[in-house]
$ cat target_3.cif   # mmCIF, C-alpha atoms
data_start
#
loop_
_atom_site.group_PDB
_atom_site.id
_atom_site.type_symbol
_atom_site.label_atom_id
_atom_site.label_comp_id
_atom_site.auth_asym_id
_atom_site.auth_seq_id
_atom_site.Cartn_x
_atom_site.Cartn_y
_atom_site.Cartn_z
ATOM 1 C CA MET A 1 3.875 10.801 -26.206
ATOM 2 C CA GLY A 2 7.516 10.796 -27.231
ATOM 3 C CA LYS A 3 8.659 8.238 -24.669
ATOM 4 C CA LYS A 4 10.999 5.310 -25.273
ATOM 5 C CA LEU A 5 11.816 2.132 -23.363
ATOM 6 C CA SER A 6 15.219 3.435 -22.301
ATOM 7 C CA ASP A 7 13.454 6.190 -20.331
ATOM 8 C CA ILE A 8 12.746 3.526 -17.700
ATOM 9 C CA ASP A 9 15.923 3.641 -15.617
ATOM 10 C CA ARG A 10 15.178 0.456 -13.656
ATOM 11 C CA VAL A 11 12.654 -2.346 -13.237
ATOM 12 C CA PRO A 12 11.798 -3.655 -9.733
ATOM 13 C CA LYS A 13 13.415 -6.980 -8.868
ATOM 14 C CA TYR A 14 10.001 -8.620 -8.456
ATOM 15 C CA TRP A 15 9.308 -8.302 -12.227
ATOM 16 C CA PRO A 16 11.270 -9.500 -15.258
ATOM 17 C CA ASP A 17 13.004 -6.740 -17.200
ATOM 18 C CA ASN A 18 11.586 -6.907 -20.722
ATOM 19 C CA GLU A 19 9.725 -4.838 -23.292
ATOM 20 C CA VAL A 20 6.243 -5.661 -21.976
ATOM 21 C CA ILE A 21 7.081 -4.534 -18.454
ATOM 22 C CA ARG A 22 8.828 -1.356 -19.619
ATOM 23 C CA ASN A 23 5.950 -0.411 -21.926
ATOM 24 C CA ASP A 24 3.485 -0.917 -19.093
ATOM 25 C CA ARG A 25 5.505 1.400 -16.871
ATOM 26 C CA LEU A 26 5.692 4.000 -19.630
ATOM 27 C CA TYR A 27 1.897 4.030 -19.898
ATOM 28 C CA TYR A 28 1.701 4.442 -16.142
ATOM 29 C CA SER A 29 4.224 7.294 -16.215
ATOM 30 C CA SER A 30 1.998 9.075 -18.728
ATOM 31 C CA GLU A 31 -0.843 8.937 -16.219
ATOM 32 C CA VAL A 32 1.451 10.344 -13.531
ATOM 33 C CA GLU A 33 2.422 13.199 -15.862
ATOM 34 C CA HIS A 34 -1.278 13.888 -16.445
ATOM 35 C CA TYR A 35 -1.638 14.316 -12.679
ATOM 36 C CA TYR A 36 1.360 16.670 -12.583
ATOM 37 C CA ASN A 37 -0.113 18.783 -15.375
ATOM 38 C CA HIS A 38 -3.317 19.289 -13.410
ATOM 39 C CA LEU A 39 -1.311 20.049 -10.272
ATOM 40 C CA GLY A 40 0.474 22.750 -12.271
ATOM 41 C CA LYS A 41 -2.890 24.265 -13.219
ATOM 42 C CA ILE A 42 -3.872 24.353 -9.554
ATOM 43 C CA PHE A 43 -0.638 26.183 -8.712
ATOM 44 C CA ALA A 44 -1.241 28.703 -11.515
ATOM 45 C CA THR A 45 -4.801 29.366 -10.326
ATOM 46 C CA LEU A 46 -3.669 29.939 -6.738
ATOM 47 C CA GLU A 47 -0.827 32.178 -7.867
ATOM 48 C CA ALA A 48 -3.174 34.277 -9.980
ATOM 49 C CA ALA A 49 -5.399 34.709 -6.928
ATOM 50 C CA GLY A 50 -2.440 35.720 -4.762
ATOM 51 C CA GLN A 51 -2.964 32.713 -2.458
ATOM 52 C CA LEU A 52 -0.190 30.333 -3.523
ATOM 53 C CA ASP A 53 2.169 30.889 -0.570
ATOM 54 C CA ASN A 54 -0.691 31.000 1.916
ATOM 55 C CA THR A 55 -2.194 27.664 0.834
ATOM 56 C CA LEU A 56 -1.316 24.304 2.345
ATOM 57 C CA ILE A 57 -0.886 22.012 -0.681
ATOM 58 C CA VAL A 58 -0.530 18.274 -0.194
ATOM 59 C CA ALA A 59 0.245 16.091 -3.209
ATOM 60 C CA THR A 60 0.067 12.369 -2.554
ATOM 61 C CA SER A 61 -1.351 9.213 -4.125
ATOM 62 C CA ASP A 62 -3.299 6.021 -3.704
ATOM 63 C CA HIS A 63 -1.402 3.108 -2.210
ATOM 64 C CA GLY A 64 0.901 1.731 -4.871
ATOM 65 C CA MET A 65 0.982 1.234 -8.617
ATOM 66 C CA PRO A 66 -1.861 -0.963 -10.005
ATOM 67 C CA PHE A 67 0.474 -3.883 -10.732
ATOM 68 C CA PRO A 68 1.262 -7.330 -9.241
ATOM 69 C CA ARG A 69 2.951 -7.348 -5.795
ATOM 70 C CA VAL A 70 2.271 -3.627 -5.389
ATOM 71 C CA LYS A 71 -1.271 -2.296 -5.066
ATOM 72 C CA GLY A 72 -3.288 -4.001 -2.363
ATOM 73 C CA GLN A 73 -0.209 -5.496 -0.699
ATOM 74 C CA ALA A 74 1.947 -4.321 2.218
ATOM 75 C CA TYR A 75 5.434 -4.017 0.775
ATOM 76 C CA GLU A 76 7.500 -0.856 0.434
ATOM 77 C CA SER A 77 6.228 -0.079 -3.067
ATOM 78 C CA SER A 78 2.674 -0.525 -1.757
ATOM 79 C CA ASN A 79 2.904 1.804 1.220
ATOM 80 C CA HIS A 80 5.855 4.166 0.671
ATOM 81 C CA ILE A 81 3.782 6.510 -1.443
ATOM 82 C CA PRO A 82 4.712 9.941 -2.836
ATOM 83 C CA LEU A 83 4.103 12.828 -0.454
ATOM 84 C CA ALA A 84 4.975 16.454 -1.206
ATOM 85 C CA ILE A 85 3.746 19.306 0.997
ATOM 86 C CA ARG A 86 4.111 23.008 0.165
ATOM 87 C CA TRP A 87 3.168 25.821 2.535
ATOM 88 C CA PRO A 88 5.744 28.656 2.627
ATOM 89 C CA LYS A 89 3.855 30.601 5.306
ATOM 90 C CA GLY A 90 3.312 27.584 7.532
ATOM 91 C CA ILE A 91 6.403 25.354 7.239
ATOM 92 C CA ASN A 92 9.559 26.519 8.990
ATOM 93 C CA GLY A 93 12.880 26.615 7.156
ATOM 94 C CA ARG A 94 14.101 25.774 3.680
ATOM 95 C CA GLY A 95 16.536 23.015 2.779
ATOM 96 C CA ARG A 96 15.788 20.831 5.784
ATOM 97 C CA VAL A 97 16.067 17.066 5.272
ATOM 98 C CA VAL A 98 13.677 15.296 7.636
ATOM 99 C CA THR A 99 13.765 11.523 8.134
ATOM 100 C CA ASP A 100 10.696 11.147 10.383
ATOM 101 C CA PHE A 101 8.118 8.536 9.418
ATOM 102 C CA VAL A 102 4.657 9.951 8.727
ATOM 103 C CA SER A 103 1.386 8.285 7.853
ATOM 104 C CA PHE A 104 -1.549 9.083 5.600
ATOM 105 C CA ALA A 105 -3.619 9.128 8.786
ATOM 106 C CA ASP A 106 -1.635 12.192 9.905
ATOM 107 C CA LEU A 107 -3.202 14.393 7.220
ATOM 108 C CA ALA A 108 -6.658 14.762 8.798
ATOM 109 C CA PRO A 109 -5.431 16.221 12.128
ATOM 110 C CA THR A 110 -2.963 18.373 10.162
ATOM 111 C CA PHE A 111 -5.777 19.923 8.122
ATOM 112 C CA ILE A 112 -7.851 20.487 11.266
ATOM 113 C CA GLU A 113 -4.992 22.316 12.982
ATOM 114 C CA ALA A 114 -4.178 24.326 9.856
ATOM 115 C CA ALA A 115 -7.797 25.469 9.727
ATOM 116 C CA GLY A 116 -7.611 26.659 13.326
ATOM 117 C CA VAL A 117 -10.291 24.254 14.513
ATOM 118 C CA THR A 118 -9.922 23.711 18.252
ATOM 119 C CA GLN A 119 -12.901 21.426 18.836
ATOM 120 C CA ILE A 120 -14.449 18.870 16.516
ATOM 121 C CA ALA A 121 -17.743 17.044 16.750
ATOM 122 C CA PRO A 122 -17.739 13.849 18.846
ATOM 123 C CA ILE A 123 -16.650 10.766 16.924
ATOM 124 C CA MET A 124 -16.843 7.087 17.799
ATOM 125 C CA GLN A 125 -13.088 6.562 17.785
ATOM 126 C CA PRO A 126 -10.280 9.060 18.386
ATOM 127 C CA MET A 127 -8.024 9.876 15.452
ATOM 128 C CA SER A 128 -5.010 7.613 15.217
ATOM 129 C CA GLY A 129 -3.025 10.149 13.187
ATOM 130 C CA ARG A 130 -0.883 12.962 14.575
ATOM 131 C CA SER A 131 -0.748 16.484 13.194
ATOM 132 C CA LEU A 132 2.421 17.243 11.229
ATOM 133 C CA PHE A 133 2.724 20.669 12.822
ATOM 134 C CA ASP A 134 5.456 19.391 15.150
ATOM 135 C CA ILE A 135 7.581 18.853 12.018
ATOM 136 C CA PHE A 136 6.343 22.004 10.251
ATOM 137 C CA THR A 137 7.335 24.313 13.107
ATOM 138 C CA SER A 138 10.681 22.726 13.990
ATOM 139 C CA PRO A 139 13.930 24.169 12.580
ATOM 140 C CA LYS A 140 15.659 20.783 12.801
ATOM 141 C CA SER A 141 16.758 18.275 10.182
ATOM 142 C CA GLY A 142 17.152 14.512 10.510
ATOM 143 C CA GLN A 143 14.967 12.761 13.073
ATOM 144 C CA VAL A 144 12.913 15.712 14.318
ATOM 145 C CA ILE A 145 10.407 13.924 16.575
ATOM 146 C CA ALA A 146 11.900 10.919 18.373
ATOM 147 C CA THR A 147 8.633 8.965 18.479
ATOM 148 C CA ARG A 148 8.163 9.241 14.701
ATOM 149 C CA ASP A 149 10.688 6.453 14.154
ATOM 150 C CA HIS A 150 8.272 3.942 12.630
ATOM 151 C CA VAL A 151 4.979 3.556 10.805
ATOM 152 C CA LEU A 152 2.349 0.840 11.217
ATOM 153 C CA LEU A 153 0.739 -0.964 8.288
ATOM 154 C CA GLY A 154 -2.440 -2.958 7.962
ATOM 155 C CA LYS A 155 -4.661 -4.654 5.408
ATOM 156 C CA GLU A 156 -7.845 -6.695 5.529
ATOM 157 C CA ARG A 157 -8.882 -6.826 1.886
ATOM 158 C CA HIS A 158 -8.336 -4.920 -1.311
ATOM 159 C CA ASP A 159 -11.028 -6.395 -3.543
ATOM 160 C CA VAL A 160 -13.139 -9.532 -3.845
ATOM 161 C CA GLY A 161 -11.465 -12.713 -5.009
ATOM 162 C CA ARG A 162 -11.755 -15.458 -2.378
ATOM 163 C CA PRO A 163 -14.501 -17.841 -1.241
ATOM 164 C CA ASN A 164 -17.113 -16.121 0.941
ATOM 165 C CA ASN A 165 -15.441 -12.776 0.199
ATOM 166 C CA GLN A 166 -12.695 -13.394 2.754
ATOM 167 C CA GLY A 167 -9.778 -11.004 2.882
ATOM 168 C CA TYR A 168 -6.043 -11.411 3.398
ATOM 169 C CA PRO A 169 -5.246 -9.851 6.780
ATOM 170 C CA ILE A 170 -1.771 -8.354 7.186
ATOM 171 C CA ARG A 171 -0.302 -6.252 9.977
ATOM 172 C CA GLY A 172 3.164 -4.756 9.730
ATOM 173 C CA ILE A 173 5.703 -2.253 10.948
ATOM 174 C CA ARG A 174 8.346 -0.299 9.034
ATOM 175 C CA LYS A 175 11.158 0.881 11.321
ATOM 176 C CA GLY A 176 14.688 1.920 10.407
ATOM 177 C CA ASP A 177 15.795 -0.131 7.431
ATOM 178 C CA HIS A 178 13.461 -3.032 8.159
ATOM 179 C CA LEU A 179 9.939 -4.025 7.173
ATOM 180 C CA TYR A 180 8.234 -6.723 9.241
ATOM 181 C CA LEU A 181 4.931 -8.252 8.150
ATOM 182 C CA HIS A 182 2.628 -10.720 9.899
ATOM 183 C CA ASN A 183 0.253 -12.582 7.582
ATOM 184 C CA PHE A 184 -2.544 -13.814 9.835
ATOM 185 C CA GLU A 185 -4.051 -16.216 7.284
ATOM 186 C CA PRO A 186 -1.109 -17.645 5.309
ATOM 187 C CA ASN A 187 -3.291 -20.485 4.042
ATOM 188 C CA ARG A 188 -5.178 -17.989 1.853
ATOM 189 C CA TRP A 189 -4.029 -16.600 -1.482
ATOM 190 C CA PRO A 190 -2.615 -13.076 -0.972
ATOM 191 C CA ALA A 191 -3.709 -11.778 -4.387
ATOM 192 C CA GLY A 192 -7.009 -13.677 -4.567
ATOM 193 C CA ASN A 193 -7.774 -17.238 -5.607
ATOM 194 C CA PRO A 194 -6.264 -18.561 -8.843
ATOM 195 C CA ASP A 195 -8.950 -21.122 -9.729
ATOM 196 C CA ARG A 196 -11.282 -20.111 -12.502
ATOM 197 C CA GLU A 197 -14.196 -22.132 -11.116
ATOM 198 C CA PHE A 198 -14.401 -19.840 -8.137
ATOM 199 C CA CYS A 199 -13.680 -16.869 -10.395
ATOM 200 C CA ALA A 200 -16.731 -17.357 -12.655
ATOM 201 C CA ARG A 201 -17.741 -13.817 -11.804
ATOM 202 C CA TYR A 202 -14.260 -12.553 -10.919
ATOM 203 C CA ILE A 203 -10.950 -12.724 -12.706
ATOM 204 C CA PRO A 204 -8.228 -14.978 -11.254
ATOM 205 C CA PHE A 205 -6.104 -13.233 -8.629
ATOM 206 C CA GLY A 206 -8.875 -10.669 -8.406
ATOM 207 C CA GLU A 207 -7.049 -8.370 -5.994
ATOM 208 C CA VAL A 208 -4.594 -7.493 -8.771
ATOM 209 C CA ASP A 209 -5.761 -5.058 -11.445
ATOM 210 C CA SER A 210 -5.687 -6.325 -15.029
ATOM 211 C CA SER A 211 -2.598 -5.177 -16.928
ATOM 212 C CA PRO A 212 -0.059 -6.425 -19.487
ATOM 213 C CA THR A 213 2.304 -7.087 -16.561
ATOM 214 C CA LYS A 214 -0.224 -9.350 -14.817
ATOM 215 C CA SER A 215 -1.030 -11.188 -18.059
ATOM 216 C CA LEU A 216 2.664 -11.696 -18.807
ATOM 217 C CA LEU A 217 3.317 -13.324 -15.419
ATOM 218 C CA MET A 218 0.221 -15.533 -15.594
ATOM 219 C CA ASP A 219 0.634 -16.646 -19.216
ATOM 220 C CA ASN A 220 4.333 -17.517 -18.912
ATOM 221 C CA LYS A 221 4.550 -18.987 -15.424
ATOM 222 C CA ASP A 222 5.757 -22.377 -16.714
ATOM 223 C CA LYS A 223 8.505 -20.916 -18.875
ATOM 224 C CA PRO A 224 12.108 -20.796 -17.632
ATOM 225 C CA GLY A 225 12.796 -17.715 -15.574
ATOM 226 C CA PHE A 226 9.169 -16.747 -14.990
ATOM 227 C CA MET A 227 8.044 -18.993 -12.116
ATOM 228 C CA ARG A 228 9.993 -16.927 -9.578
ATOM 229 C CA PHE A 229 8.240 -13.722 -10.624
ATOM 230 C CA TYR A 230 4.877 -15.486 -10.721
ATOM 231 C CA ASP A 231 5.376 -16.749 -7.168
ATOM 232 C CA LEU A 232 6.448 -13.331 -5.884
ATOM 233 C CA ALA A 233 3.226 -11.862 -7.250
ATOM 234 C CA PHE A 234 0.657 -14.563 -6.538
ATOM 235 C CA ALA A 235 1.913 -17.513 -4.428
ATOM 236 C CA LYS A 236 1.012 -18.132 -0.801
ATOM 237 C CA ARG A 237 3.304 -16.533 1.756
ATOM 238 C CA PRO A 238 4.638 -17.532 5.172
ATOM 239 C CA ALA A 239 3.160 -16.158 8.385
ATOM 240 C CA GLU A 240 6.118 -13.835 8.935
ATOM 241 C CA GLU A 241 8.151 -11.754 6.513
ATOM 242 C CA LEU A 242 11.160 -9.551 7.234
ATOM 243 C CA TYR A 243 13.089 -7.435 4.759
ATOM 244 C CA ASP A 244 16.045 -5.073 4.768
ATOM 245 C CA VAL A 245 14.566 -2.294 2.656
ATOM 246 C CA ARG A 246 17.909 -0.558 2.091
ATOM 247 C CA LYS A 247 19.747 -3.658 0.856
ATOM 248 C CA ASP A 248 16.694 -5.223 -0.790
ATOM 249 C CA PRO A 249 14.497 -2.377 -2.145
ATOM 250 C CA GLY A 250 12.194 -4.831 -3.934
ATOM 251 C CA GLN A 251 11.693 -7.059 -0.866
ATOM 252 C CA VAL A 252 12.382 -10.300 -2.686
ATOM 253 C CA VAL A 253 14.590 -11.949 -0.003
ATOM 254 C CA ASN A 254 12.632 -12.888 3.129
ATOM 255 C CA LEU A 255 14.938 -12.710 6.162
ATOM 256 C CA ALA A 256 12.402 -14.098 8.663
ATOM 257 C CA GLY A 257 13.748 -17.202 10.355
ATOM 258 C CA LYS A 258 17.393 -16.464 9.565
ATOM 259 C CA PRO A 259 19.506 -16.647 12.775
ATOM 260 C CA GLU A 260 21.414 -13.428 12.084
ATOM 261 C CA TYR A 261 18.135 -11.485 11.935
ATOM 262 C CA ALA A 262 16.378 -13.247 14.815
ATOM 263 C CA GLU A 263 16.787 -10.332 17.245
ATOM 264 C CA THR A 264 15.465 -7.765 14.765
ATOM 265 C CA GLN A 265 12.504 -9.992 13.932
ATOM 266 C CA LYS A 266 11.736 -10.551 17.616
ATOM 267 C CA LYS A 267 11.831 -6.838 18.498
ATOM 268 C CA LEU A 268 9.671 -5.705 15.595
ATOM 269 C CA ALA A 269 7.155 -8.500 16.156
ATOM 270 C CA ALA A 270 6.908 -7.598 19.844
ATOM 271 C CA GLN A 271 6.433 -3.869 19.149
ATOM 272 C CA LEU A 272 3.747 -4.608 16.580
ATOM 273 C CA GLN A 273 1.951 -7.104 18.839
ATOM 274 C CA LYS A 274 1.986 -4.647 21.757
ATOM 275 C CA HIS A 275 0.236 -2.035 19.646
ATOM 276 C CA LEU A 276 -2.310 -4.510 18.258
ATOM 277 C CA VAL A 277 -3.186 -5.742 21.748
ATOM 278 C CA ARG A 278 -3.484 -2.183 23.061
ATOM 279 C CA THR A 279 -5.865 -1.277 20.218
ATOM 280 C CA LYS A 280 -7.795 -4.548 20.702
ATOM 281 C CA ASP A 281 -7.211 -5.876 17.208
ATOM 282 C CA PRO A 282 -9.126 -9.191 17.105
ATOM 283 C CA ARG A 283 -6.531 -10.688 14.741
ATOM 284 C CA ALA A 284 -3.818 -10.289 17.364
ATOM 285 C CA LEU A 285 -6.071 -11.425 20.202
ATOM 286 C CA GLY A 286 -7.010 -14.662 18.456
ATOM 287 C CA LEU A 287 -10.657 -13.639 18.232
ATOM 288 C CA ASP A 288 -13.098 -14.069 15.396
ATOM 289 C CA ALA A 289 -12.604 -11.111 13.058
ATOM 290 C CA PRO A 290 -15.948 -9.643 11.884
ATOM 291 C CA TRP A 291 -14.472 -8.327 8.618
ATOM 292 C CA ASP A 292 -14.399 -11.854 7.181
ATOM 293 C CA TYR A 293 -18.196 -11.906 7.259
ATOM 294 C CA TYR A 294 -19.133 -8.526 5.861
ATOM 295 C CA PRO A 295 -21.468 -8.970 2.858
ATOM 296 C CA TYR A 296 -20.415 -7.778 -0.584
ATOM 297 C CA TYR A 297 -23.046 -5.597 -2.268
ATOM 298 C CA GLY A 298 -21.397 -5.231 -5.661
ATOM 299 C CA LEU A 299 -22.690 -8.441 -7.225
ATOM 300 C CA ARG A 300 -24.881 -8.209 -10.332
ATOM 301 C CA ARG A 301 -28.505 -8.758 -9.295
ATOM 302 C CA ASN A 302 -31.825 -9.088 -11.135
ATOM 303 C CA LYS A 303 -35.069 -7.190 -10.488
ATOM 304 C CA LYS A 304 -35.964 -9.601 -7.671
ATOM 305 C CA TRP A 305 -32.659 -8.756 -5.969
ATOM 306 C CA GLN A 306 -31.322 -12.256 -6.665
ATOM 307 C CA VAL A 307 -27.694 -12.776 -7.592
ATOM 308 C CA ASP A 308 -27.332 -13.011 -11.384
ATOM 309 C CA PRO A 309 -25.201 -16.134 -12.131
ATOM 310 C CA ARG A 310 -23.890 -14.760 -15.416
ATOM 311 C CA PRO A 311 -20.140 -13.957 -15.562
#
$ encode --input "target_3.cif" --output "structure tokens"
Amino acid sequence: MGKKLSDIDRVPKYWPDNEVIRNDRLYYSSEVEHYYNHLGKIFATLEAAGQLDNTLIVATSDHGMPFPRVKGQAYESSNHIPLAIRWPKGINGRGRVVTDFVSFADLAPTFIEAAGVTQIAPIMQPMSGRSLFDIFTSPKSGQVIATRDHVLLGKERHDVGRPNNQGYPIRGIRKGDHLYLHNFEPNRWPAGNPDREFCARYIPFGEVDSSPTKSLLMDNKDKPGFMRFYDLAFAKRPAEELYDVRKDPGQVVNLAGKPEYAETQKKLAAQLQKHLVRTKDPRALGLDAPWDYYPYYGLRRNKKWQVDPRP
């Protein structure tokens, strides 16, 4: 498609910078361009219908690239996803630079308010997201809404890949320049188990999609210079992680436990714990978490509904 390796302006610090990695990113960029092309067709269709400026358009993505240490994890590249919103007749002011934190969960209440719906059907749990209309209607730049100064993160599992289909529970908070993560089961493998005996039906590190990047890290882990990248992608992690996202955009230097960051770690951990207790998260309350016991229905089965042992 006319691309070359030099088109990749940088490689994240959690991967080696070589031809395999750059080629993999070029293939991924082609998929992103395919998305943009279809988005352009949507714009053209709306414009032809005279509805472009009166339509709320939200362009966003799944959580992170399908590569090691990204998709299915809780780092910046996993959760700081693209978000572009266009609505000339509904968003106030051009040229504003807004630094508020927003969450994917905020989109549902935003759509409901945009549609003029004042009452929705009863649901079991109230929405955790907040409509973005407070940002849309404000003329301000910078931090528009004082309480939008952080975003909460959470993960139970991404895919199957551990004994008894257990997950890898993470809770986190991104505030200011810092990302704090609490790994509730640090004895488990964050990307899935590496042993092939367990993975007779699943690939090793099953929570990471297959790719040339994954194969490169796995096949060369014992070679000089590769073990560090292998560990960043697949190795077990401590219970607490803290990163300065501005100074360390790849989150490769864990600051948790360092005396100079003790106060920051303490404050973020306390704010996160307060929210988890208020929302009765069993992980934070030390209770048995039911998600570890949910059955997996994707296994290959025969006509008698018995699990097929074949790989």
$ closest_atom_pairs --input "target_3.cif" --of "range 113-200 of chain A" --to "range 91-94 of chain A" --cutoff "7 Å" --atoms "all atoms listed in the file" --output "Markdown table"
| residue | atom | partner | partner_atom | distance |
| --- | --- | --- | --- | --- |
| A:Phe136 | CA | A:Ile91 | CA | 4.5 |
| A:Thr137 | CA | A:Asn92 | CA | 5.2 |
| A:Ser138 | CA | A:Asn92 | CA | 6.4 |
| A:Pro139 | CA | A:Gly93 | CA | 6.0 |
$ resolve_selection --input "target_3.cif" --expression "the PyMOL selection byres ((chain A and resi 255) around 6)" --output "list in words"
Leu242, Tyr243, Asn254, Ala256 and Lys258 of chain A
$ resolve_selection --input "target_3.cif" --expression "the PyMOL selection byres ((chain A and resi 162) around 8)" --output "list of chain:residue names"
A:Val160, A:Gly161, A:Pro163, A:Asn164, A:Asn165, A:Gln166, A:Gly167, A:Trp189, A:Gly192, A:Asn193, A:Phe198
$ closest_residue --input "target_3.cif" --among "A:Thr110, A:Ser77, A:Gln143, A:Asn54" --to "Arg96 in chain A" --atoms "all atoms listed in the file"
A:Gln143
$ closest_residue --input "target_3.cif" --among "A:Tyr294, A:Tyr168, A:Phe205, A:Phe229" --to "Lys13 in chain A" --atoms "only C-alpha atoms"
A:Phe229
$ residues_around --input "target_3.cif" --residues "Ala262 in chain A" --least-positions-apart "5" --cutoff "12 Å" --atoms "only C-alpha atoms" --output "list in words"
Tyr180, Glu240, Glu241, Leu242, Leu255, Ala256, Gly257, Lys267, Leu268 and Ala269 of chain A
$ closest_residue --input "target_3.cif" --among "A:Gln265, A:Gln251, A:Asn18, A:Ser215" --to "Glu76 in chain A" --atoms "only C-alpha atoms"
A:Gln251
$ resolve_selection --input "target_3.cif" --expression "the PyMOL selection byres ((chain A and resi 79) around 10)" --output "list in words"
Asp62, His63, Gly64, Val70, Lys71, Gly72, Gln73, Ala74, Tyr75, Glu76, Ser77, Ser78, His80, Ile81, Pro82, Ser103, Phe104, Val151, Leu153, Gly154 and Arg174 of chain A
$ write_last_selection --input "target_3.cif" --atoms "C-alpha atoms" --output "PDB file, in the coordinates of the input"
ATOM      1  CA  ASP A  62      -3.299   6.021  -3.704  1.00  0.00           C
ATOM      2  CA  HIS A  63      -1.402   3.108  -2.210  1.00  0.00           C
ATOM      3  CA  GLY A  64       0.901   1.731  -4.871  1.00  0.00           C
ATOM      4  CA  VAL A  70       2.271  -3.627  -5.389  1.00  0.00           C
ATOM      5  CA  LYS A  71      -1.271  -2.296  -5.066  1.00  0.00           C
ATOM      6  CA  GLY A  72      -3.288  -4.001  -2.363  1.00  0.00           C
ATOM      7  CA  GLN A  73      -0.209  -5.496  -0.699  1.00  0.00           C
ATOM      8  CA  ALA A  74       1.947  -4.321   2.218  1.00  0.00           C
ATOM      9  CA  TYR A  75       5.434  -4.017   0.775  1.00  0.00           C
ATOM     10  CA  GLU A  76       7.500  -0.856   0.434  1.00  0.00           C
ATOM     11  CA  SER A  77       6.228  -0.079  -3.067  1.00  0.00           C
ATOM     12  CA  SER A  78       2.674  -0.525  -1.757  1.00  0.00           C
ATOM     13  CA  HIS A  80       5.855   4.166   0.671  1.00  0.00           C
ATOM     14  CA  ILE A  81       3.782   6.510  -1.443  1.00  0.00           C
ATOM     15  CA  PRO A  82       4.712   9.941  -2.836  1.00  0.00           C
ATOM     16  CA  SER A 103       1.386   8.285   7.853  1.00  0.00           C
ATOM     17  CA  PHE A 104      -1.549   9.083   5.600  1.00  0.00           C
ATOM     18  CA  VAL A 151       4.979   3.556  10.805  1.00  0.00           C
ATOM     19  CA  LEU A 153       0.739  -0.964   8.288  1.00  0.00           C
ATOM     20  CA  GLY A 154      -2.440  -2.958   7.962  1.00  0.00           C
ATOM     21  CA  ARG A 174       8.346  -0.299   9.034  1.00  0.00           C
TER      22      ARG A 174
END
$ atom_distance --input "target_3.cif" --atom1 "CA of Pro204 in chain A" --atom2 "CA of Pro169 in chain A"
19.0 Å
$ atom_distance --input "target_3.cif" --atom1 "CA of Phe111 in chain A" --atom2 "CA of Pro88 in chain A"
15.5 Å
$ residues_around --input "target_3.cif" --residues "Ser30 in chain A" --least-positions-apart "4" --cutoff "12 Å" --atoms "all atoms listed in the file" --output "VMD selection string"
chain A and resid 1 to 4 7 23 to 26 34 to 37
